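Here is structure21.cif, consisting of mmCIF, C-alpha atoms and all ligand atoms:
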```cif
data_my_file
#
loop_
_atom_site.label_atom_id
_atom_site.label_comp_id
_atom_site.auth_asym_id
_atom_site.auth_seq_id
_atom_site.Cartn_x
_atom_site.Cartn_y
_atom_site.Cartn_z
CA MET E 1 -11.97 8.57 -5.65
CA ILE E 2 -9.28 6.68 -7.56
CA GLN E 3 -9.96 5.64 -11.14
CA PHE E 4 -7.76 3.45 -13.27
CA GLU E 5 -8.91 3.81 -16.87
CA ASN E 6 -7.57 1.41 -19.50
CA VAL E 7 -4.19 1.45 -17.80
CA VAL E 8 -1.40 -0.34 -19.63
CA LYS E 9 2.25 -0.62 -18.61
CA LYS E 10 4.83 -2.10 -20.94
CA TYR E 11 8.51 -2.59 -20.23
CA LYS E 12 11.20 -3.01 -22.81
CA THR E 13 13.34 -5.97 -21.84
CA LYS E 14 16.17 -7.89 -23.48
CA ASN E 15 13.62 -10.45 -24.62
CA GLY E 16 11.25 -7.92 -26.12
CA VAL E 17 8.32 -5.96 -24.77
CA LEU E 18 6.76 -7.22 -21.55
CA THR E 19 3.24 -6.06 -20.72
CA ALA E 20 3.10 -5.96 -16.92
CA VAL E 21 -0.33 -4.30 -16.70
CA LYS E 22 -2.95 -4.92 -19.39
CA ASP E 23 -5.88 -2.60 -19.71
CA VAL E 24 -6.86 -2.23 -16.07
CA ASN E 25 -10.11 -0.51 -15.16
CA LEU E 26 -10.80 -0.12 -11.46
CA THR E 27 -12.61 2.41 -9.30
CA ILE E 28 -11.86 2.79 -5.61
CA ASN E 29 -14.07 4.93 -3.43
CA ASP E 30 -12.68 7.11 -0.66
CA GLY E 31 -12.22 5.59 2.76
CA GLN E 32 -12.29 2.00 1.54
CA ILE E 33 -9.81 -0.74 2.29
CA VAL E 34 -9.30 -2.56 -0.98
CA GLY E 35 -7.40 -5.82 -1.17
CA LEU E 36 -5.40 -6.38 -4.34
CA ILE E 37 -4.56 -10.04 -4.56
CA GLY E 38 -2.69 -12.18 -7.08
CA PHE E 39 0.29 -14.45 -7.56
CA SER E 40 3.84 -13.26 -7.97
CA GLY E 41 4.37 -11.43 -11.24
CA ALA E 42 0.66 -10.61 -11.72
CA GLY E 43 1.43 -6.88 -11.96
CA LYS E 44 0.24 -5.70 -8.53
CA SER E 45 3.32 -3.65 -7.64
CA THR E 46 3.52 -2.18 -11.12
CA LEU E 47 -0.11 -1.07 -10.85
CA VAL E 48 0.32 0.66 -7.48
CA ARG E 49 3.68 2.17 -8.40
CA MET E 50 1.84 4.02 -11.15
CA LEU E 51 -0.73 5.19 -8.61
CA ALA E 52 2.10 6.40 -6.39
CA GLY E 53 3.54 8.36 -9.32
CA LEU E 54 6.72 6.27 -9.33
CA GLU E 55 6.01 4.96 -12.84
CA THR E 56 3.94 6.36 -15.69
CA PRO E 57 1.40 4.31 -17.62
CA THR E 58 2.30 3.47 -21.22
CA SER E 59 -1.31 4.27 -22.07
CA GLY E 60 -4.55 4.93 -20.22
CA GLN E 61 -4.87 7.17 -17.19
CA ILE E 62 -5.09 7.24 -13.44
CA LEU E 63 -7.37 9.86 -11.92
CA ILE E 64 -7.29 10.89 -8.29
CA ASN E 65 -10.38 12.95 -7.51
CA GLY E 66 -10.62 13.68 -11.21
CA THR E 67 -7.00 14.80 -11.67
CA ASN E 68 -4.96 12.86 -14.20
CA LEU E 69 -1.66 11.97 -12.51
CA SER E 70 0.31 11.83 -15.77
CA ALA E 71 -0.61 15.43 -16.56
CA LEU E 72 1.17 16.66 -13.41
CA LYS E 73 4.78 17.72 -13.35
CA GLY E 74 7.32 19.19 -10.95
CA TYR E 75 5.85 20.87 -7.90
CA GLN E 76 2.28 19.70 -8.54
CA LEU E 77 3.37 16.09 -8.93
CA ARG E 78 5.43 16.27 -5.73
CA GLN E 79 2.43 17.71 -3.87
CA LYS E 80 0.21 14.90 -5.13
CA ARG E 81 2.82 12.27 -4.28
CA GLN E 82 2.95 13.51 -0.70
CA LYS E 83 -0.73 12.67 -0.43
CA ILE E 84 0.06 9.03 -1.14
CA GLY E 85 1.89 7.04 1.51
CA MET E 86 3.56 3.73 0.78
CA VAL E 87 4.61 0.83 3.01
CA PHE E 88 6.88 -1.94 1.76
CA GLN E 89 7.63 -5.57 2.61
CA HIS E 90 11.22 -4.82 3.56
CA PHE E 91 10.38 -1.64 5.48
CA ASN E 92 12.93 0.57 3.63
CA LEU E 93 14.01 2.26 6.87
CA LEU E 94 17.22 4.23 7.28
CA TRP E 95 19.37 2.13 9.57
CA SER E 96 21.50 4.99 10.86
CA ARG E 97 18.44 6.92 12.03
CA THR E 98 16.35 6.31 15.12
CA VAL E 99 12.63 5.58 15.00
CA LEU E 100 11.82 9.25 15.55
CA GLN E 101 14.37 10.39 12.95
CA ASN E 102 12.94 7.96 10.40
CA ILE E 103 9.46 9.35 11.00
CA LEU E 104 10.82 12.90 10.77
CA LEU E 105 12.36 12.34 7.33
CA PRO E 106 9.27 12.91 5.14
CA LEU E 107 8.38 15.94 7.27
CA GLU E 108 11.86 17.40 6.68
CA ILE E 109 11.50 16.78 2.95
CA ALA E 110 8.11 18.49 2.98
CA GLY E 111 9.75 21.52 4.61
CA ILE E 112 7.71 21.47 7.84
CA ASN E 113 9.29 23.63 10.55
CA LYS E 114 11.16 21.99 13.39
CA THR E 115 8.63 22.48 16.20
CA GLN E 116 5.74 21.29 14.09
CA ARG E 117 7.56 18.27 12.76
CA MET E 118 8.66 17.17 16.25
CA THR E 119 5.05 17.42 17.47
CA ARG E 120 3.82 15.50 14.45
CA ALA E 121 6.50 12.79 14.76
CA HIS E 122 5.67 12.18 18.44
CA GLU E 123 2.00 12.02 17.53
CA LEU E 124 2.72 9.46 14.78
CA ALA E 125 4.93 7.33 17.05
CA LYS E 126 2.04 7.25 19.51
CA LEU E 127 -0.50 6.39 16.82
CA VAL E 128 1.49 3.28 15.83
CA GLY E 129 2.26 2.30 19.41
CA LEU E 130 5.97 3.15 19.43
CA SER E 131 6.22 6.02 21.91
CA GLU E 132 8.53 3.92 24.10
CA LYS E 133 10.84 3.18 21.15
CA GLU E 134 11.36 6.64 19.69
CA ASN E 135 15.10 6.58 20.32
CA ALA E 136 15.72 2.99 19.25
CA TYR E 137 17.44 2.14 15.97
CA PRO E 138 15.73 -0.13 13.40
CA ALA E 139 18.20 -2.94 14.18
CA GLU E 140 16.86 -2.97 17.74
CA LEU E 141 13.26 -3.51 16.65
CA SER E 142 11.16 -6.58 15.88
CA GLY E 143 9.72 -7.01 12.38
CA GLY E 144 6.32 -5.77 13.50
CA GLN E 145 7.85 -2.71 15.16
CA LYS E 146 9.87 -1.92 12.03
CA GLN E 147 6.71 -2.04 9.98
CA ARG E 148 5.02 0.29 12.49
CA VAL E 149 7.80 2.80 11.78
CA GLY E 150 7.18 2.31 8.06
CA ILE E 151 3.49 3.01 8.59
CA ALA E 152 4.12 6.11 10.73
CA ARG E 153 6.52 7.45 8.11
CA ALA E 154 4.01 6.80 5.33
CA LEU E 155 1.34 8.72 7.25
CA ALA E 156 3.55 11.69 8.12
CA ASN E 157 2.17 14.14 5.56
CA ASN E 158 -1.48 13.17 6.13
CA PRO E 159 -1.91 11.24 2.88
CA ASP E 160 -5.35 10.52 1.42
CA ILE E 161 -4.19 7.12 0.20
CA LEU E 162 -2.02 4.50 1.87
CA ILE E 163 -0.54 1.76 -0.29
CA SER E 164 0.63 -1.31 1.53
CA ASP E 165 2.70 -3.46 -0.84
CA GLU E 166 3.07 -6.82 0.90
CA ALA E 167 3.70 -5.00 4.17
CA THR E 168 2.96 -8.11 6.22
CA SER E 169 4.62 -10.72 3.99
CA ALA E 170 7.79 -10.87 6.08
CA LEU E 171 5.89 -11.15 9.38
CA ASP E 172 4.57 -14.11 11.37
CA PRO E 173 0.77 -14.63 11.51
CA GLU E 174 0.29 -13.01 14.91
CA THR E 175 2.31 -9.91 14.01
CA THR E 176 0.50 -9.79 10.66
CA ASN E 177 -2.79 -9.60 12.53
CA GLU E 178 -1.50 -6.79 14.76
CA ILE E 179 -0.40 -4.77 11.74
CA LEU E 180 -3.73 -5.41 10.00
CA ASP E 181 -5.54 -4.22 13.15
CA LEU E 182 -3.40 -1.10 13.10
CA LEU E 183 -4.26 -0.41 9.44
CA LEU E 184 -7.94 -0.87 10.24
CA LYS E 185 -7.67 1.52 13.18
CA ILE E 186 -5.95 4.14 11.01
CA ASN E 187 -8.55 3.72 8.27
CA GLN E 188 -11.31 4.34 10.80
CA GLU E 189 -9.62 7.21 12.63
CA VAL E 190 -8.48 9.27 9.68
CA ASN E 191 -10.74 7.86 6.94
CA ILE E 192 -7.77 7.15 4.67
CA THR E 193 -8.20 4.94 1.59
CA ILE E 194 -6.00 1.85 1.88
CA LEU E 195 -4.82 -0.33 -0.96
CA LEU E 196 -3.64 -3.59 0.51
CA ILE E 197 -1.54 -5.76 -1.77
CA THR E 198 -1.13 -9.28 -0.57
CA HIS E 199 -0.84 -12.95 -1.44
CA GLU E 200 -3.07 -13.79 1.49
CA MET E 201 -6.84 -13.83 1.22
CA HIS E 202 -6.86 -13.91 5.02
CA ALA E 203 -5.57 -10.34 5.17
CA VAL E 204 -8.21 -9.15 2.72
CA ALA E 205 -10.95 -11.02 4.55
CA LYS E 206 -9.91 -9.51 7.88
CA VAL E 207 -9.84 -5.83 6.95
CA GLY E 208 -10.94 -5.35 3.35
CA SER E 209 -14.28 -4.09 2.12
CA GLN E 210 -13.54 -4.58 -1.57
CA VAL E 211 -11.24 -7.01 -3.36
CA ALA E 212 -9.65 -7.05 -6.79
CA VAL E 213 -7.98 -10.18 -8.12
CA MET E 214 -5.12 -9.75 -10.55
CA GLU E 215 -3.74 -12.32 -12.99
CA ASN E 216 -1.31 -11.81 -15.88
CA GLY E 217 -1.57 -8.04 -15.71
CA GLN E 218 -5.35 -7.94 -15.65
CA ILE E 219 -7.99 -7.50 -12.98
CA VAL E 220 -9.96 -10.69 -13.50
CA GLU E 221 -12.50 -10.27 -10.71
CA THR E 222 -13.60 -7.53 -8.36
CA GLY E 223 -16.38 -6.95 -5.87
CA SER E 224 -17.21 -6.69 -2.19
CA VAL E 225 -15.21 -9.04 0.02
CA THR E 226 -18.38 -10.76 1.24
CA GLU E 227 -19.70 -11.31 -2.27
CA VAL E 228 -16.40 -12.54 -3.73
CA PHE E 229 -15.93 -14.92 -0.80
CA LYS E 230 -19.42 -16.33 -1.15
CA HIS E 231 -19.48 -16.58 -4.93
CA PRO E 232 -15.99 -16.53 -6.43
CA LYS E 233 -16.31 -16.68 -10.21
CA GLU E 234 -12.82 -17.13 -11.59
CA GLN E 235 -10.68 -20.21 -11.04
CA ILE E 236 -7.87 -18.18 -9.47
CA THR E 237 -10.29 -16.52 -7.02
CA LYS E 238 -11.74 -19.90 -6.06
CA GLN E 239 -8.23 -21.06 -5.32
CA PHE E 240 -7.46 -18.07 -3.08
CA VAL E 241 -10.76 -18.51 -1.23
CA ALA E 242 -10.22 -22.26 -0.83
CA ASP E 243 -6.69 -21.71 0.52
CA GLU E 244 -8.04 -19.28 3.07
CA LEU E 245 -10.82 -21.65 4.18
CA ASN E 246 -8.43 -24.61 4.35
CA GLY E 247 -6.03 -22.51 6.37
CA LYS E 248 -8.77 -21.91 8.92
CA VAL E 249 -9.75 -25.55 9.21
CA GLY E 250 -6.16 -26.84 9.35
N1 LIG R 301 11.17 -2.31 -14.21
C1 LIG R 301 10.77 -3.42 -14.83
N2 LIG R 301 11.35 -3.80 -16.00
C2 LIG R 301 10.96 -4.91 -16.66
N3 LIG R 301 10.00 -5.74 -16.22
C3 LIG R 301 9.40 -5.44 -15.05
C4 LIG R 301 9.75 -4.27 -14.30
N4 LIG R 301 8.98 -4.24 -13.19
C5 LIG R 301 8.19 -5.31 -13.25
N5 LIG R 301 8.42 -6.04 -14.36
C6 LIG R 301 7.73 -7.28 -14.76
O1 LIG R 301 6.35 -7.02 -14.73
C7 LIG R 301 5.63 -8.15 -14.24
C8 LIG R 301 4.80 -7.74 -13.05
O2 LIG R 301 5.65 -7.44 -11.96
P1 LIG R 301 5.14 -6.90 -10.57
O3 LIG R 301 6.31 -6.60 -9.74
O4 LIG R 301 4.15 -5.83 -10.80
O5 LIG R 301 4.37 -8.19 -10.00
P2 LIG R 301 3.71 -8.44 -8.58
O6 LIG R 301 2.30 -8.88 -8.82
O7 LIG R 301 3.91 -7.25 -7.71
O8 LIG R 301 4.55 -9.67 -8.04
P3 LIG R 301 5.03 -10.04 -6.53
O9 LIG R 301 3.84 -10.66 -5.85
O10 LIG R 301 6.13 -11.03 -6.75
O11 LIG R 301 5.50 -8.79 -5.88
C9 LIG R 301 6.66 -9.22 -13.94
O12 LIG R 301 6.73 -10.09 -15.04
C10 LIG R 301 7.95 -8.43 -13.80
O13 LIG R 301 9.06 -9.19 -14.14
MG MG R 302 4.96 -6.93 -5.95
#
```
Turn the structure described in the file into structure tokens.
Ligand SMILES: Nc1ncnc2c1ncn2[C@@H]1O[C@H](COP(=O)(O)OP(=O)(O)OP(=O)(O)O)[C@@H](O)[C@H]1O
Ligand SMILES: [Mg+2]
Amino acid sequence: MIQFENVVKKYKTKNGVLTAVKDVNLTINDGQIVGLIGFSGAGKSTLVRMLAGLETPTSGQILINGTNLSALKGYQLRQKRQKIGMVFQHFNLLWSRTVLQNILLPLEIAGINKTQRMTRAHELAKLVGLSEKENAYPAELSGGQKQRVGIARALANNPDILISDEATSALDPETTNEILDLLLKINQEVNITILLITHEMHAVAKVGSQVAVMENGQIVETGSVTEVFKHPKEQITKQFVADELNGKVG
């Protein structure tokens, strides 16, 4: 279980202190796919970067199965971080490495021996449907294929949590659907918790079980996807739902 408790993140900027995340409370149960939706600048990436241990909250705490992330240091923090995989909009692949070598990277960092990491990398390439492309370079792949490499790499060390930060934002609708199907398949096969950050209600509606809506650093609405779709309470949620419905009609 993931628990955000009164989480605040402030940044010092030239124009003063900017509060990117304001007192967020959110509980995510294991094995769920949770959509985190909101406009640009709402604080979504900041929130998940803290979960990934890439940033520390200014105040409040994030608990993963009861362990406070901020209390961990050094080896323990690295161990915990390995249990959280992250996928990004712009893939963040190494261009001089092949598909297989990209997938191998986190396994090398984790110190897995050569035979085991080769077996695991082949297994991951297969899981994401890229067995035929193991020796290709990122520049030779389509956007969807690049994101499949990103997903395989994120899953390398068997994480408990997968964070997808706008992973489909650079993809066309059809490829987006394929990637969402892949995330759903992974969620079902390995029971991983997925946090799906997106601008698109469509993505949340397709694979999410729970949704949290973020605005100006706060979670303004949360609930099951079915419930929030049927009875959106906040203006911003109504807008996201309406856009999704209009998209379907149009
Ligand atoms: N390192 C930083 N230093 C200063 N301000 C930051 C930093 N990171 C984020 N911010 C600010 O915090 C706010 C939230 O940013 P964040 O990236 O979390 O938004 P987001 O919801 O992920 O937006 P998008 O949909 O565009 O990715 C923004 O106003 C942003 O400018
Ligand atoms: Mg972001």
Point (0.6, 18.9, 0.5) neighbourhood (9 Å, only C-alpha atoms) written as an NGL selection string: :E and (78-83 or 110 or 157-159)
Within 8 Å of ligand MG 302 (chain R), counting only C-alpha atoms and all ligand atoms: which residues, as number ranges by chain? E: 40-41, 43-46, 165-166, 197
Computed interatomic separation between atom CA of Gly38 of chain E and atom O7 of ligand LIG 301 (chain R) (Å):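 Computed distance, atom CA of Gly38 of chain E to atom O7 of ligand LIG 301 (chain R), equals 8.3 Å.
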Using all atoms listed in the file, which residues have at least one atom no more than 10 Å from ligand LIG 301 (chain R)? Output them as an MDAnalysis selection string. chainID E and resid 9:14 16:21 36:49 55 89 165:166 169 197:199 214:217
As an exercise, work out the distance from atom CA of Arg117 of chain E to atom CA of Gly144 of chain E in Å and give it to one decimal place. 24.1 Å
Distance query Lys185 of chain E at most 10 Å, all atoms listed in the file, self and fewer than 4 positions along chain excluded, as a short mmCIF file (atom, residue, chain, number, x, y, z; two decimals) with C-alpha atoms, in the frame of the given file:
```
data_model
loop_
_atom_site.label_atom_id
_atom_site.label_comp_id
_atom_site.auth_asym_id
_atom_site.auth_seq_id
_atom_site.Cartn_x
_atom_site.Cartn_y
_atom_site.Cartn_z
CA LEU E 127 -0.50 6.39 16.82
CA VAL E 128 1.49 3.28 15.83
CA ILE E 179 -0.40 -4.77 11.74
CA LEU E 180 -3.73 -5.41 10.00
CA ASP E 181 -5.54 -4.22 13.15
CA GLU E 189 -9.62 7.21 12.63
CA VAL E 190 -8.48 9.27 9.68
CA ASN E 191 -10.74 7.86 6.94
CA VAL E 207 -9.84 -5.83 6.95
#
```
Have a look at atom CA of Arg120 of chain E and atom CA of Asn102 of chain E and let me know their distance in Å, one decimal. 12.5 Å
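Proximity ranking of E:Leu54, E:Ala121, E:Ile33, E:Ala242 relative to Val225 of chain E places E:Ile33 first, based on all atoms listed in the file.
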For a cutoff of 12 Å around the file-coordinate point (-11.9, -14.5, 6.1), which residues qualify once you count only C-alpha atoms? I'd like the result as a list in words.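 Collected hits near the coordinates: Glu200, Met201, His202, Ala203, Val204, Ala205, Lys206, Val207, Gly208, Ser209, Val225, Thr226, Glu227, Val228, Phe229, Lys230, Phe240, Val241, Ala242, Asp243, Glu244, Leu245, Asn246, Gly247, Lys248 and Val249 of chain E.
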